[in-house]
Structure formats: structure tokens, C-alpha cells
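Asks: Let me begin by handing over the structure; questions about it come next.
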Amino acid sequence: MRALLSIAAIVALAACPSKTTPSASDAPEPSADTAAAPEPEVDTATAPEPEADTATAPEPEADTATAPEPETDTVTAEPSEDTAGATAGETEGPKPLTDEEKADLVKNAATFKKLLNEGRKLVKGGDYETAVKAYRAALALNPTNASVLGELGFAALKQGDLDLAEELTRRAISYSRGGKQLGALQYNIGQIFEKRDLPGDALVAYRASLAARPGNEVVAGRVAALEAMENPKARAARVYPTLKALAGAQVLGCLDYVGVWDEAPEIPRDLTPDQAVEGIGPCEVTIGGTVKAPEGNAPVTEVAFVAAGTSLYSTIDLAMHVEGGWIVGQRVFENENSGCCGAYREFKAGDPTFREVVPGHGAEVVFDVAWEDQDSDMGDNYIYHRSYEGPMVCGMDEDGGWCRAVHARELSYGGDLDKFLEGVAGSPRCWEVSFDGEGKYTRKPVACKGGEAPDEATPVTGEVLSLPLQ
């Protein structure tokens, strides 16, 4: 089994180990109250601001400013169409209340209102345990009230019981009247998913929240942030103040990718990149190949390789220093080692240098690479092998960082394992590669080491930017 990439492996084409891993959650949105109740808790700078009492949280149905009686259509009506759409896949909607149950709601409305407001005051003061008791007493009086179910879900979220928080919040959604209340409940579902490190699911919930209350800036901010995480260019454009902070961020991505918190809950989830620069748990990080650009070069003034991951998975990023700090210019490769059966993918990189290959954006970074993808079955005496070697060119333009590989040696073979290992099967092809400094490359066929010269030696010329990453 290969070990994690070391600096030597990155910089000097030494054996490059394993493959990798890839590589904000706001506080949950508290329920808002009506004019007769306390304002919702805002415990972080990014938590939703209340909009006219009810814009950012479940809107209380029974707790109105003047009337103690609950709105019977709220507690008895079937979920609206937009509510049902937002809860697709959930259990069957609630059934209308009987006349006797409606009468009990009216009779108990004042007590319900008092308990609901008491719970909100306790939540605002951070006493979630006592608040839950008040909410449960209110729920006993009005079991189908979306507000109290949402408040209970919020309290469970604050206590860290994510399963209970989701269960209660989804029950609240099933009784919600839609609109702002539904939007607030969907926001809290998004918060739950973010705490579970499921940004994709959180994004779905936030989009549903924004659809229920268009224009909410806080929810729109979470949607934009998570969409940026999904977009490689936006993710790469994130600027880190130091190279170590960028490396630490890759370690955090590794921890999230391998699900380390499931097995090691003692590792804090709120680590910052600066706290992860030495690696954590199974996730290690290596920085190598740091080279400064010629004086005055722009936009890239320095580059380095950052390899982060475990013994089985690791990523190799080309970090670029630009105005303002360090960014991931390009994820060059992901190494993978299954740990058995001769199956692996690995990437090796040589020392980077600066030279102008594509005009218009300063000098590019050029380094030699070797890439290999192999899988073998000793029982069937079969091997599948692909590999290439050659220069890689990386630069930056208005769209962000980019890298292109020019193959100087290729080998592709599928067949007898023994013959391949003996070197009597599988013939590589080789080229001499050159750049004209105007954005074009030339590949001239040549004999590989120990091989014969090719029959056809016609050079091939093309645009560097038209080439693939691998």
C-alpha cells in the first residue's frame, strides 16, 4: 500500500502515494413571534433577521396580539399545495380535527398562548430544557400547531439532537400554512443538514425556503454560499491569507469527505483552517514545490503543491499566490489506492518553473508529470494499464486557474499480466514536445528509450488551451 504523498513525491517524481479526498453554517433560525410575544433570538451575526415579526421563523397561529382564540383554519386545514410540494416524500398529510377537538382548542387557547410565549422567553435566555417542557405542555393542548412543533424542533436543534429536530420540524411543515412560516421551517431543515455536513441537502432546503419567501437576504446568502461550494471555479477562487491556511482548509475537506466525525466525534467540528495545518486524524497534508515567479509577473506571483488526504485517497492542488492571498488554482489530480489487488491511480509532479507559454496573462507554470492508472487480476492473469508522461502547463486568466497536459509518452495496454510485467507486451509511444511561446505546442514522434524510431515522424501542432487536464 502506498503512503500519503510526501514533498519528495510531489517535487521529485518519487513514488507518489495514495489518492485523496476532496475537498458555515449559520445558527438555526429561531421562530419569530407576533406583536404580543418576544422577538426571536439572533445568536450569530449571520442569523436571519426578523422581518416584521414573522419573516424568518415559524409564524405562530394561536398567539395573536388581541384574540386568544386560535385560527381554526390553521389548525384544521390540510397542507396547502406549496407546503405539500416542499414536503415531498413525507408521510401522508394531517387529518382535519373533529368538532370536539376544535372546541378544545378554543377553550385552551389562552393557556396555549401563555405556554408558547413562556417557551420562547426561555429559549431566548438559553434555557432549552425548561423551554421544551413548556412547549410540550402547549403541544398537549394543540397537537397540530405548526408554531409549537417548529419551536420544539428549534429547541432540539439548539440542544444538538438533530434527529428529533428534523422529525419535529417536518411535522411542523406538514401543518404549515405555507408562506413565511413554511420558509422559516425549511430554513431550519437546511440548518439541520448543514450541521450533518450535508451541504447538498441543505441547499435543497434553503432553495425551498427562498421559494416560500422570495427576497429573504439571509436565506439567499446561504444559497449563494452553498452554490459556490458546488462550483469548482468559485471554490477555487476563495482566497486564503497564507499557504498554510489553504493547506488546512484541504485537511478539513478531507475530514468531511472521509466522515471522520462519525468515528472520532472528539475532533471538534468548528476547526478553522489555521488549526488543521499539521493534519488531523487520518488526514495528512504536505506542501512542496514552492517557487516564486519572476519579479513583476502577474497575476500569479508564487506557486506550491498541496497534497492532502489519507493513505487511500489524496488530492494534489496547485496553489497560486495572487493579489490578496492564496487560492487553489487547479486541482491537478486525485490519487487512489484500493489497498489491494493491484488497483491504483497515482500522479507524480516534478519541480515547477515559470515560463511564458500562452501570451497575455504573465508567465505560466510548467512542470513534468507522470500519471498512471492500473488494475490487475492475478487470478485471471489480466492487467489493465494506462499511463502518460510529459509537461503540464498551468496559468490563470479571467475565468480562474487552469492546467493542460501535453503527452510526451503514452502507454495503454489490456492483456496478459505476466507478459506485461516481463516487459514483452505493451508498447509505448513517445514524442518530443516543444512550445513556441505563442500558445501553441508541437509534438514530434521519436523513439522511446530502448525502442525503435517511429515509421512516421510528422510533427503535430495544436493550441495548448485546447488540451485536456489529463
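Scheme for the C-alpha cells: letters A, B, ... for chains in order shown; per-chain residue numbers from 1; ligand numbers from 1 in order shown.
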Please provide as a ChimeraX atom specification all residues within 8 Å of Ser376 in chain A, with the sequence filter that same-chain residues fewer than 2 positions apart are discarded (counting only C-alpha atoms).

Replies: /A:341-343,374,378,381-384,417

Asks: One decimal, in Å: what's the spacing between CA of Arg171 in chain A and CA of Leu185 in chain A?

Replies: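 Interatomic distance here is 10.0 Å.
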
Asks: Find the residues near range 401-404 of chain A: any atom within 9 Å, counting only C-alpha atoms, skip ones fewer than 6 places away on the same chain, and give them as a list in words.

Replies: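 The filter keeps Lys233, Ala236, Ala237, Met320, Ile327, Val328, Gly329, Gln330, Arg331, Val332, Val365, Pro391, Met392, Val393, Cys394, Gly395, Val464, Leu465, Ser466, Leu467, Pro468, Leu469 and Gln470 of chain A.
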
Asks: Selected residues, N, CA and C atoms, written as a PDB file, in the first residue's frame, please.

Replies:
```pdb
ATOM      1  N   LYS A 233     -14.909  26.540  -9.824  1.00  0.00           N
ATOM      2  CA  LYS A 233     -14.222  27.808 -10.012  1.00  0.00           C
ATOM      3  C   LYS A 233     -14.472  28.742  -8.836  1.00  0.00           C
ATOM      4  N   ALA A 236     -12.449  27.443  -5.983  1.00  0.00           N
ATOM      5  CA  ALA A 236     -11.034  27.709  -6.180  1.00  0.00           C
ATOM      6  C   ALA A 236     -10.706  29.176  -5.951  1.00  0.00           C
ATOM      7  N   ALA A 237     -11.681  30.060  -6.196  1.00  0.00           N
ATOM      8  CA  ALA A 237     -11.439  31.488  -6.083  1.00  0.00           C
ATOM      9  C   ALA A 237     -11.392  31.958  -4.633  1.00  0.00           C
ATOM     10  N   MET A 320      -1.888  28.877  -5.952  1.00  0.00           N
ATOM     11  CA  MET A 320      -1.320  30.055  -6.600  1.00  0.00           C
ATOM     12  C   MET A 320      -1.455  31.264  -5.692  1.00  0.00           C
ATOM     13  N   ILE A 327      -4.884  30.982  -3.514  1.00  0.00           N
ATOM     14  CA  ILE A 327      -6.075  30.286  -3.992  1.00  0.00           C
ATOM     15  C   ILE A 327      -5.668  28.917  -4.531  1.00  0.00           C
ATOM     16  N   VAL A 328      -6.656  28.020  -4.645  1.00  0.00           N
ATOM     17  CA  VAL A 328      -6.430  26.748  -5.342  1.00  0.00           C
ATOM     18  C   VAL A 328      -6.590  27.038  -6.826  1.00  0.00           C
ATOM     19  N   GLY A 329      -5.460  27.170  -7.526  1.00  0.00           N
ATOM     20  CA  GLY A 329      -5.531  27.476  -8.945  1.00  0.00           C
ATOM     21  C   GLY A 329      -6.138  26.352  -9.752  1.00  0.00           C
ATOM     22  N   GLN A 330      -5.770  25.111  -9.404  1.00  0.00           N
ATOM     23  CA  GLN A 330      -6.291  23.939 -10.119  1.00  0.00           C
ATOM     24  C   GLN A 330      -6.084  22.694  -9.269  1.00  0.00           C
ATOM     25  N   ARG A 331      -7.109  21.879  -9.156  1.00  0.00           N
ATOM     26  CA  ARG A 331      -6.938  20.542  -8.587  1.00  0.00           C
ATOM     27  C   ARG A 331      -6.322  19.692  -9.683  1.00  0.00           C
ATOM     28  N   VAL A 332      -5.036  19.390  -9.523  1.00  0.00           N
ATOM     29  CA  VAL A 332      -4.298  18.719 -10.580  1.00  0.00           C
ATOM     30  C   VAL A 332      -4.681  17.248 -10.687  1.00  0.00           C
ATOM     31  N   VAL A 365       3.166  28.320 -15.303  1.00  0.00           N
ATOM     32  CA  VAL A 365       3.933  27.352 -14.523  1.00  0.00           C
ATOM     33  C   VAL A 365       4.037  26.076 -15.343  1.00  0.00           C
ATOM     34  N   PRO A 391       5.048  17.301 -20.059  1.00  0.00           N
ATOM     35  CA  PRO A 391       4.938  18.566 -19.340  1.00  0.00           C
ATOM     36  C   PRO A 391       3.487  18.968 -19.105  1.00  0.00           C
ATOM     37  N   MET A 392       3.232  19.618 -17.971  1.00  0.00           N
ATOM     38  CA  MET A 392       1.927  20.207 -17.687  1.00  0.00           C
ATOM     39  C   MET A 392       2.115  21.710 -17.577  1.00  0.00           C
ATOM     40  N   VAL A 393       1.216  22.444 -18.203  1.00  0.00           N
ATOM     41  CA  VAL A 393       1.267  23.904 -18.199  1.00  0.00           C
ATOM     42  C   VAL A 393       0.066  24.421 -17.425  1.00  0.00           C
ATOM     43  N   CYS A 394       0.311  25.322 -16.468  1.00  0.00           N
ATOM     44  CA  CYS A 394      -0.770  25.881 -15.651  1.00  0.00           C
ATOM     45  C   CYS A 394      -0.668  27.402 -15.644  1.00  0.00           C
ATOM     46  N   GLY A 395      -1.793  28.062 -15.711  1.00  0.00           N
ATOM     47  CA  GLY A 395      -1.804  29.515 -15.689  1.00  0.00           C
ATOM     48  C   GLY A 395      -3.103  30.043 -15.139  1.00  0.00           C
ATOM     49  N   VAL A 464      -2.342  25.024 -26.923  1.00  0.00           N
ATOM     50  CA  VAL A 464      -2.185  24.493 -25.570  1.00  0.00           C
ATOM     51  C   VAL A 464      -3.510  24.478 -24.825  1.00  0.00           C
ATOM     52  N   LEU A 465      -4.287  25.553 -24.963  1.00  0.00           N
ATOM     53  CA  LEU A 465      -5.533  25.639 -24.217  1.00  0.00           C
ATOM     54  C   LEU A 465      -6.616  24.692 -24.740  1.00  0.00           C
ATOM     55  N   SER A 466      -6.379  24.045 -25.873  1.00  0.00           N
ATOM     56  CA  SER A 466      -7.333  23.074 -26.383  1.00  0.00           C
ATOM     57  C   SER A 466      -7.127  21.684 -25.800  1.00  0.00           C
ATOM     58  N   LEU A 467      -6.030  21.496 -25.057  1.00  0.00           N
ATOM     59  CA  LEU A 467      -5.708  20.200 -24.474  1.00  0.00           C
ATOM     60  C   LEU A 467      -6.503  19.958 -23.192  1.00  0.00           C
ATOM     61  N   PRO A 468      -6.675  18.683 -22.797  1.00  0.00           N
ATOM     62  CA  PRO A 468      -7.362  18.377 -21.540  1.00  0.00           C
ATOM     63  C   PRO A 468      -6.413  18.496 -20.348  1.00  0.00           C
ATOM     64  N   LEU A 469      -6.997  18.422 -19.151  1.00  0.00           N
ATOM     65  CA  LEU A 469      -6.185  18.448 -17.921  1.00  0.00           C
ATOM     66  C   LEU A 469      -5.303  17.233 -17.832  1.00  0.00           C
ATOM     67  N   GLN A 470      -5.819  16.053 -18.200  1.00  0.00           N
ATOM     68  CA  GLN A 470      -5.028  14.813 -18.127  1.00  0.00           C
ATOM     69  C   GLN A 470      -4.790  14.261 -19.529  1.00  0.00           C
TER      70      GLN A 470
END
```

Asks: Could you give me, as a list in words, the residues within 12 Å of Gly296 in chain A, counting only C-alpha atoms and dropping anything in the same chain fewer than 4 positions from it?

Replies: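 Selected residues are Lys292, Val300, Thr301, Glu302, Val322, His361, Gly362 and Ala363 of chain A.
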
Asks: DSSP on the backbone, strand (DSSP E) only: what residues of range 151-347 of chain A does that give? Format it as a count of residues only.

Replies: 44

Asks: Name the residues in contact with Thr458 in chain A at a cut-off of 12 Å, using only C-alpha atoms, excluding same-chain residues fewer than 3 positions from it; report them as number ranges by chain.

Replies: A: 431-432, 442-446, 454-455, 461

Asks: For Leu255 in chain A, please output as a VMD selection string all residues within 8 Å (counting only C-alpha atoms; exclusion window: fewer than 4 positions along the same chain).

Replies: chain A and resid 251 259 to 261 280 282 to 283
